[in-house]
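Have a look at upload_3.cif; it's mmCIF, C-alpha atoms:
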data_my_file
loop_
_atom_site.label_atom_id
_atom_site.label_comp_id
_atom_site.auth_asym_id
_atom_site.auth_seq_id
_atom_site.Cartn_x
_atom_site.Cartn_y
_atom_site.Cartn_z
CA MET A 1 119.58 90.60 138.10
CA LYS A 2 120.32 92.88 135.17
CA LEU A 3 121.46 89.93 133.18
CA PHE A 4 118.22 88.12 133.97
CA ILE A 5 116.08 91.03 132.68
CA PHE A 6 118.23 91.22 129.61
CA ALA A 7 117.73 87.53 128.96
CA ILE A 8 113.95 87.83 129.26
CA ALA A 9 113.92 90.84 126.94
CA ALA A 10 116.00 89.02 124.37
CA PHE A 11 113.70 86.00 124.59
CA LEU A 12 110.58 88.14 124.10
CA ILE A 13 112.04 89.93 121.10
CA THR A 14 112.98 86.71 119.34
CA ALA A 15 109.64 85.15 120.28
CA CYS A 16 107.80 87.92 118.49
CA SER A 17 109.87 88.07 115.34
CA SER A 18 109.45 84.35 114.66
CA ASN A 19 105.73 84.82 113.96
CA GLU A 20 106.31 85.92 110.35
CA PRO A 21 104.73 83.33 108.05
CA THR A 22 107.09 81.94 105.47
CA SER A 23 104.54 80.05 103.42
CA LEU A 24 100.85 80.30 102.62
CA PRO A 25 98.24 77.60 103.19
CA ILE A 26 96.62 75.80 100.27
CA MET A 27 92.89 76.46 100.26
CA GLY A 28 89.68 74.96 98.94
CA GLU A 29 88.33 71.45 99.09
CA ARG A 30 90.79 68.60 98.73
CA GLU A 31 90.60 64.86 98.33
CA ALA A 32 93.05 62.06 98.87
CA ILE A 33 93.68 59.83 95.86
CA GLU A 34 95.66 56.65 95.56
CA LYS A 35 98.31 56.53 92.90
CA VAL A 36 100.57 53.75 91.85
CA ILE A 37 104.16 54.89 91.50
CA ASP A 38 106.87 52.32 90.76
CA GLY A 39 104.53 49.51 91.73
CA LYS A 40 103.80 51.03 95.15
CA THR A 41 100.48 52.53 96.10
CA VAL A 42 100.90 56.04 97.53
CA ILE A 43 98.33 58.48 98.74
CA ASP A 44 98.43 61.90 97.15
CA THR A 45 96.33 64.96 97.89
CA LEU A 46 94.34 66.51 95.08
CA TYR A 47 93.75 70.21 95.65
CA LEU A 48 91.07 72.42 94.18
CA THR A 49 92.60 74.02 91.09
CA ILE A 50 91.37 76.50 88.52
CA PRO A 51 90.18 74.46 85.51
CA SER A 52 91.02 75.27 81.91
CA PHE A 53 89.27 78.39 80.64
CA SER A 54 89.10 80.57 77.57
CA PHE A 55 88.04 84.21 77.61
CA ILE A 56 88.48 87.34 75.47
CA ASN A 57 90.61 90.18 76.85
CA GLN A 58 90.57 93.95 76.39
CA ASP A 59 92.58 93.61 73.16
CA SER A 60 90.03 91.12 71.74
CA ILE A 61 92.63 88.37 72.07
CA VAL A 62 91.72 84.92 73.36
CA VAL A 63 93.27 84.30 76.78
CA THR A 64 93.35 80.80 78.25
CA ASP A 65 94.61 79.10 81.39
CA LYS A 66 97.83 78.33 79.45
CA ASP A 67 98.71 82.03 79.60
CA PHE A 68 98.82 81.66 83.38
CA ASP A 69 101.04 78.58 83.51
CA GLY A 70 103.92 79.41 85.83
CA LYS A 71 102.32 82.67 86.97
CA ILE A 72 101.04 83.83 90.30
CA TYR A 73 97.88 85.82 89.77
CA VAL A 74 95.17 87.73 91.56
CA ALA A 75 91.58 87.50 90.33
CA ASP A 76 88.49 89.57 90.99
CA PHE A 77 85.00 90.11 89.56
CA PHE A 78 83.63 93.49 88.55
CA PHE A 79 81.86 95.39 85.78
CA THR A 80 82.81 98.71 84.25
CA SER A 81 79.57 100.56 84.96
CA CYS A 82 79.42 99.41 88.57
CA PRO A 83 78.83 102.43 90.79
CA SER A 84 79.22 100.78 94.17
CA ILE A 85 82.27 98.78 95.25
CA CYS A 86 84.20 98.45 91.96
CA PRO A 87 85.93 101.83 91.96
CA VAL A 88 87.30 101.27 95.43
CA MET A 89 88.28 97.67 94.56
CA HIS A 90 90.23 98.80 91.54
CA ARG A 91 91.75 101.75 93.36
CA ASN A 92 93.16 99.10 95.69
CA MET A 93 94.02 96.62 92.91
CA LEU A 94 95.97 99.43 91.30
CA LYS A 95 98.24 99.33 94.36
CA VAL A 96 98.89 95.64 93.70
CA TYR A 97 99.54 96.40 90.02
CA GLU A 98 101.95 99.23 90.79
CA LYS A 99 103.78 97.06 93.31
CA PHE A 100 104.43 94.17 90.91
CA LYS A 101 104.43 96.11 87.63
CA GLY A 102 106.78 94.49 85.14
CA ASN A 103 107.27 91.34 87.22
CA PRO A 104 106.81 88.52 84.66
CA ASP A 105 105.68 86.08 87.38
CA VAL A 106 102.70 88.14 88.54
CA LYS A 107 99.46 88.82 86.69
CA ILE A 108 96.00 90.17 87.50
CA ILE A 109 92.63 89.05 86.08
CA SER A 110 89.49 91.12 86.38
CA HIS A 111 86.50 89.16 85.11
CA THR A 112 83.56 91.26 84.03
CA ILE A 113 80.19 89.86 85.04
CA ASP A 114 78.36 92.19 82.65
CA TYR A 115 78.51 90.12 79.50
CA LYS A 116 76.10 92.34 77.58
CA TYR A 117 77.67 95.74 78.09
CA ASP A 118 81.38 95.10 78.74
CA THR A 119 82.65 94.31 75.25
CA PRO A 120 86.43 94.28 74.66
CA SER A 121 86.33 97.89 73.45
CA VAL A 122 84.53 98.99 76.62
CA LEU A 123 87.05 97.01 78.70
CA LYS A 124 89.93 98.56 76.76
CA ARG A 125 88.64 102.06 77.38
CA TYR A 126 88.21 101.27 81.06
CA ALA A 127 91.73 99.81 81.33
CA THR A 128 93.31 102.74 79.54
CA LYS A 129 91.53 105.23 81.78
CA LEU A 130 92.65 103.27 84.79
CA GLY A 131 96.19 103.73 83.50
CA ILE A 132 96.83 100.09 82.55
CA GLU A 133 99.07 99.28 79.60
CA GLY A 134 99.94 95.87 78.19
CA THR A 135 98.40 92.65 79.44
CA GLN A 136 99.88 92.11 82.88
CA TRP A 137 96.40 93.05 84.08
CA GLU A 138 93.85 91.24 81.93
CA PHE A 139 90.22 92.34 81.74
CA LEU A 140 88.35 89.25 80.62
CA ARG A 141 84.94 88.71 79.12
CA GLY A 142 83.20 85.36 78.79
CA THR A 143 79.69 84.00 78.55
CA LYS A 144 77.55 84.51 81.60
CA ASP A 145 77.56 80.79 82.42
CA SER A 146 81.31 80.33 82.14
CA VAL A 147 82.11 83.37 84.26
CA TYR A 148 79.49 82.73 86.94
CA THR A 149 80.48 79.07 87.19
CA ILE A 150 84.22 79.68 87.54
CA ALA A 151 83.51 82.46 90.06
CA GLU A 152 81.43 80.37 92.38
CA GLN A 153 82.94 76.91 91.98
CA ASN A 154 86.61 77.72 91.59
CA TYR A 155 87.37 81.19 92.91
CA LEU A 156 84.68 80.86 95.61
CA VAL A 157 83.30 84.34 94.91
CA ALA A 158 79.52 84.75 94.81
CA VAL A 159 78.09 86.63 91.83
CA GLN A 160 74.47 86.83 90.79
CA GLU A 161 71.88 88.63 88.81
CA ASP A 162 69.38 90.15 91.19
CA ASN A 163 66.73 92.34 89.69
CA SER A 164 65.60 93.57 93.07
CA ALA A 165 69.01 95.08 93.77
CA ASP A 166 69.34 98.78 93.15
CA ASP A 167 72.83 98.23 91.83
CA HIS A 168 73.22 99.03 88.15
CA ALA A 169 71.96 96.34 85.77
CA GLY A 170 70.88 94.24 88.75
CA LEU A 171 74.33 92.71 89.09
CA VAL A 172 75.63 91.74 92.49
CA HIS A 173 79.07 90.46 93.32
CA GLN A 174 81.40 90.14 96.27
CA GLY A 175 84.52 92.24 96.44
CA TRP A 176 86.98 89.45 97.23
CA PHE A 177 90.44 89.29 95.71
CA VAL A 178 91.69 85.72 95.21
CA LEU A 179 95.34 84.67 95.06
CA ILE A 180 96.29 81.76 92.78
CA ASP A 181 99.71 80.08 92.65
CA LYS A 182 101.73 78.73 89.72
CA GLU A 183 100.02 75.32 90.06
CA LYS A 184 96.62 77.09 89.86
CA ARG A 185 95.80 76.32 93.48
CA LEU A 186 94.02 78.80 95.76
CA ARG A 187 96.54 80.26 98.17
CA GLY A 188 94.57 83.18 99.49
CA THR A 189 90.85 83.97 99.48
CA GLY A 190 88.71 86.50 101.20
CA TYR A 191 90.93 89.56 100.87
CA ASP A 192 88.30 92.27 100.96
CA GLY A 193 89.16 94.39 97.92
CA THR A 194 87.43 97.38 99.46
CA ASP A 195 89.65 97.34 102.55
CA GLU A 196 93.10 98.92 102.19
CA LYS A 197 94.57 96.90 105.06
CA GLN A 198 93.52 93.57 103.58
CA VAL A 199 94.95 94.59 100.23
CA ASP A 200 98.26 95.37 101.97
CA LYS A 201 98.05 91.84 103.38
CA LEU A 202 97.50 90.51 99.85
CA ILE A 203 100.58 92.37 98.63
CA SER A 204 102.72 90.86 101.38
CA ASP A 205 101.21 87.40 100.71
CA ILE A 206 102.14 87.68 97.01
CA GLN A 207 105.69 88.44 98.10
CA ILE A 208 105.70 85.39 100.42
CA LEU A 209 104.45 83.22 97.57
CA LEU A 210 107.10 84.58 95.19
CA ASP A 211 109.78 83.84 97.79
CA GLU A 212 108.43 80.30 98.22
CA TYR A 213 109.14 79.60 94.54
CA LYS A 214 112.52 81.29 94.77
CA THR A 215 113.72 78.97 97.54
CA LYS A 216 112.44 75.82 95.84
CA MET B 1 100.96 143.99 145.43
CA LYS B 2 102.45 140.90 143.91
CA ASN B 3 99.26 138.94 144.57
CA LYS B 4 97.18 141.56 142.82
CA ALA B 5 99.32 141.33 139.72
CA ILE B 6 98.90 137.55 139.62
CA LEU B 7 95.14 137.92 140.10
CA VAL B 8 94.86 140.37 137.20
CA PHE B 9 97.01 138.16 135.03
CA CYS B 10 94.89 135.06 135.78
CA SER B 11 91.65 136.94 135.17
CA ILE B 12 92.86 138.08 131.78
CA ILE B 13 93.78 134.54 130.82
CA ILE B 14 90.42 133.17 131.97
CA ILE B 15 88.49 135.82 130.05
CA PHE B 16 90.62 135.12 127.00
CA ILE B 17 89.93 131.34 127.21
CA LEU B 18 86.19 131.83 127.74
CA PHE B 19 85.99 134.22 124.83
CA ASN B 20 87.77 131.83 122.50
CA SER B 21 85.94 128.69 123.58
CA CYS B 22 82.59 130.11 122.57
CA GLN B 23 81.84 129.42 118.94
CA THR B 24 79.55 131.83 117.23
CA GLU B 25 76.17 130.46 116.22
CA GLN B 26 77.31 130.57 112.60
CA ASP B 27 80.31 128.39 113.45
CA ILE B 28 78.07 125.83 115.13
CA ILE B 29 75.74 125.67 112.14
CA TYR B 30 78.70 125.27 109.81
CA ALA B 31 80.18 122.51 111.98
CA ARG B 32 76.87 120.67 111.98
CA TYR B 33 76.59 120.76 108.19
CA TYR B 34 80.23 119.75 107.78
CA VAL B 35 80.08 116.77 110.15
CA ASN B 36 76.79 115.49 108.73
CA GLY B 37 78.15 116.02 105.24
CA LYS B 38 81.21 113.93 106.04
CA GLY B 39 78.91 111.06 107.05
CA PHE B 40 76.89 111.29 103.85
CA TYR B 41 80.08 111.56 101.81
CA GLU B 42 81.45 108.36 103.32
CA GLN B 43 78.16 106.59 102.62
CA HIS B 44 77.34 107.80 99.13
CA CYS B 45 80.40 109.36 97.49
CA GLN B 46 83.59 107.92 98.90
CA ASN B 47 83.64 104.60 97.02
CA CYS B 48 84.12 106.46 93.77
CA HIS B 49 85.66 109.80 94.71
CA SER B 50 87.88 108.25 97.42
CA LYS B 51 88.62 109.21 100.98
CA ASP B 52 90.95 112.02 99.97
CA GLY B 53 88.73 113.29 97.14
CA LEU B 54 91.20 112.26 94.46
CA GLY B 55 88.79 110.16 92.38
CA LEU B 56 90.22 107.29 90.34
CA GLN B 57 92.72 107.88 87.55
CA ALA B 58 90.96 109.07 84.37
CA LEU B 59 87.75 107.22 85.30
CA ILE B 60 86.39 109.27 88.18
CA PRO B 61 87.15 112.98 88.59
CA PRO B 62 88.76 114.36 91.74
CA LEU B 63 86.96 116.94 93.88
CA THR B 64 90.03 119.12 94.19
CA ASP B 65 89.28 121.53 91.34
CA SER B 66 88.28 124.57 93.39
CA ILE B 67 87.75 126.72 90.33
CA PHE B 68 85.23 124.24 88.88
CA LEU B 69 83.45 124.03 92.25
CA ILE B 70 83.26 127.82 92.60
CA LYS B 71 82.10 128.35 89.02
CA ASN B 72 79.44 125.66 89.35
CA LYS B 73 78.45 126.38 92.92
CA ASN B 74 74.78 126.79 91.98
CA LYS B 75 74.74 123.55 89.99
CA LEU B 76 76.39 121.24 92.53
CA ALA B 77 73.10 120.39 94.26
CA CYS B 78 71.58 119.29 90.93
CA PHE B 79 74.71 117.23 90.13
CA VAL B 80 74.31 115.35 93.40
CA LYS B 81 70.53 114.92 93.17
CA GLN B 82 70.26 114.01 89.48
CA GLY B 83 73.66 112.56 88.78
CA MET B 84 75.60 113.47 85.65
CA ASP B 85 75.60 111.94 82.21
CA HIS B 86 77.67 114.43 80.27
CA ALA B 87 81.42 114.88 79.96
CA ILE B 88 83.14 117.44 82.18
CA ILE B 89 86.63 118.91 82.35
CA ILE B 90 88.26 118.85 85.78
CA ASN B 91 91.78 120.15 86.36
CA GLY B 92 92.11 120.34 82.57
CA LYS B 93 91.26 116.65 82.03
CA LEU B 94 88.21 115.17 80.36
CA TYR B 95 85.95 112.82 82.33
CA GLU B 96 83.16 110.99 80.52
CA GLY B 97 81.71 108.53 83.04
CA ASN B 98 78.21 108.71 84.45
CA MET B 99 77.60 109.76 88.01
CA PRO B 100 74.65 108.00 89.64
CA ALA B 101 71.77 110.13 90.94
CA GLN B 102 71.14 110.39 94.70
CA THR B 103 67.43 111.17 94.51
CA HIS B 104 66.82 109.73 97.96
CA LEU B 105 68.83 112.49 99.69
CA ALA B 106 66.84 115.31 101.29
CA ASN B 107 67.75 118.89 100.40
CA ILE B 108 69.36 119.45 103.78
CA ASP B 109 71.51 116.34 103.32
CA ILE B 110 72.61 117.54 99.90
CA ALA B 111 73.51 120.91 101.44
CA ALA B 112 75.55 119.08 104.09
CA VAL B 113 77.48 116.99 101.59
CA ILE B 114 78.22 120.06 99.45
CA THR B 115 79.40 121.94 102.53
CA TYR B 116 81.72 119.03 103.28
CA VAL B 117 83.12 118.71 99.75
CA THR B 118 83.58 122.44 99.18
CA ASN B 119 85.50 122.72 102.45
CA SER B 120 87.66 119.62 102.15
CA PHE B 121 90.37 118.40 99.78
CA GLY B 122 91.92 121.88 99.63
CA ASN B 123 88.62 123.67 99.02
CA ASN B 124 87.50 126.46 101.33
CA GLN B 125 84.14 127.95 100.40
CA GLY B 126 82.31 128.14 103.71
CA LEU B 127 78.74 127.14 104.51
CA TYR B 128 76.29 126.01 101.83
CA ASP B 129 72.98 125.91 103.68
CA VAL B 130 69.63 124.29 102.99
CA LYS B 131 68.14 127.58 101.73
CA SER B 132 70.77 127.71 99.00
CA ALA B 133 70.10 124.04 98.21
CA ASP B 134 66.33 124.64 98.01
CA ALA B 135 66.86 127.53 95.62
CA ASP B 136 69.45 125.76 93.46
CA LEU B 137 67.41 122.55 93.22
CA GLU B 138 64.50 124.59 91.79
CA THR B 139 66.68 125.32 88.77
CA CYS B 140 67.56 121.70 87.91
CA ASP B 141 66.75 120.63 84.36
#
Produce structure tokens that represent the structure in this file.
Amino acid sequence: MKLFIFAIAAFLITACSSNEPTSLPIMGEREAIEKVIDGKTVIDTLYLTIPSFSFINQDSIVVTDKDFDGKIYVADFFFTSCPSICPVMHRNMLKVYEKFKGNPDVKIISHTIDYKYDTPSVLKRYATKLGIEGTQWEFLRGTKDSVYTIAEQNYLVAVQEDNSADDHAGLVHQGWFVLIDKEKRLRGTGYDGTDEKQVDKLISDIQILLDEYKTK
Amino acid sequence: MKNKAILVFCSIIIIFILFNSCQTEQDIIYARYYVNGKGFYEQHCQNCHSKDGLGLQALIPPLTDSIFLIKNKNKLACFVKQGMDHAIIINGKLYEGNMPAQTHLANIDIAAVITYVTNSFGNNQGLYDVKSADADLETCD
């Protein structure tokens, strides 16, 4: 009888510990394409990827998608004078930054959606006050169109100008953090940047993604 | 004889418990301000100043500088109501950001939030009631 209980207990313990995910899903729309390899037609899946881009960072240096080749990165959308959700988002993003500080495989992008006010010098001042040195965490500025388009079509984050909103400058944006892999595919969306628990989940997901590349 | 001793002992304990369980009216008023203030803080202040009142790096000042809060006790209501657009020094560090105004808050709500802040995060200044808020708000620029 004792042995039986012991066996059940052992089974339950192992059943629980096997729930840990070892890889992350690939997100976004996908389509199947036919390719001809060595004379044979094979079907390949084309995933939503982040297209090429070119923005200016806090050091007034041009940053493009090439700078993120072979990097895992987290992206969000904010503006420096935002009084509502941005401080709490970046308080949480700071946790991500501290966790992976100095890791050459991990970067962070914060896109400003306030093209008029957030010039590189304003972004630099903001970054410095946040305690960010170097360019592991990039604060990027682009034209309104380019930023809004990449936000909605590629990172799947809604941003808009809404003059009826009482938010500063009539700018509205969602507080999602988005996780992108080394092939520029979406591997995690919908981490609420204002929720500490979901940011902890993001941190563990980044680790899972890093481990995925390690074992390849 | 033994029973009598137990009876006396129990009576003393009961009187002691009753005496301690009654809050004074002042305590109840304070508790009401504090609890309401916590609610307003979570709604209007916490995103920037954070749950533990520590602010955000060099961008947003913490609310832990008791000396600043004591020195500026009569100005706090105006800070909340009108926001701030000038630099301040908190815990010896300079903060230059703007604080948004909360003009929609009633005087009693402002008093509640100040009671909460000045009695949390290591501060301990007691009740700041609506009469004080009314008077202090008269002096805003």
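The residue that comes closest to Ile108 in chain B, out of B:Asp134, B:Asp52, B:Ile89, B:Leu94 and on the basis of all atoms listed in the file, is B:Asp134.
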* **range 194-211 of chain A environment, 6 Å, only C-alpha atoms, sequence neighbours closer than 2 positions dropped, as a PyMOL selection string** => chain A and resi 88-89+191-192+213-214
With C-alpha atoms retained, write the just-selected residues as a PDB file, keeping the file's coordinate frame.
ATOM      1  CA  VAL A  88      87.300 101.270  95.430  1.00  0.00           C
ATOM      2  CA  MET A  89      88.280  97.670  94.560  1.00  0.00           C
ATOM      3  CA  TYR A 191      90.930  89.560 100.870  1.00  0.00           C
ATOM      4  CA  ASP A 192      88.300  92.270 100.960  1.00  0.00           C
ATOM      5  CA  TYR A 213     109.140  79.600  94.540  1.00  0.00           C
ATOM      6  CA  LYS A 214     112.520  81.290  94.770  1.00  0.00           C
TER       7      LYS A 214
END
* To do: Tell me the residues of chain A close to chain B, meaning within 6 Å using all atoms listed in the file, as a PyMOL selection string.
  => chain A and resi 87-88+129-130
* Any chance you could resolve the PyMOL selection byres ((chain A and resi 186) around 7) against this file and give the residues as a list in words? => Ile26, Met27, Gly28, Thr49, Leu179, Ile180, Asp181, Lys184, Arg185, Arg187 and Gly188 of chain A
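Picture a line from CA of Gln82 in chain B to CA of Ile113 in chain A; it runs 26.5 Å.
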* **Gap from CA of Tyr128 in chain B to CA of Cys140 in chain B - Å, one decimal** => 17.0 Å
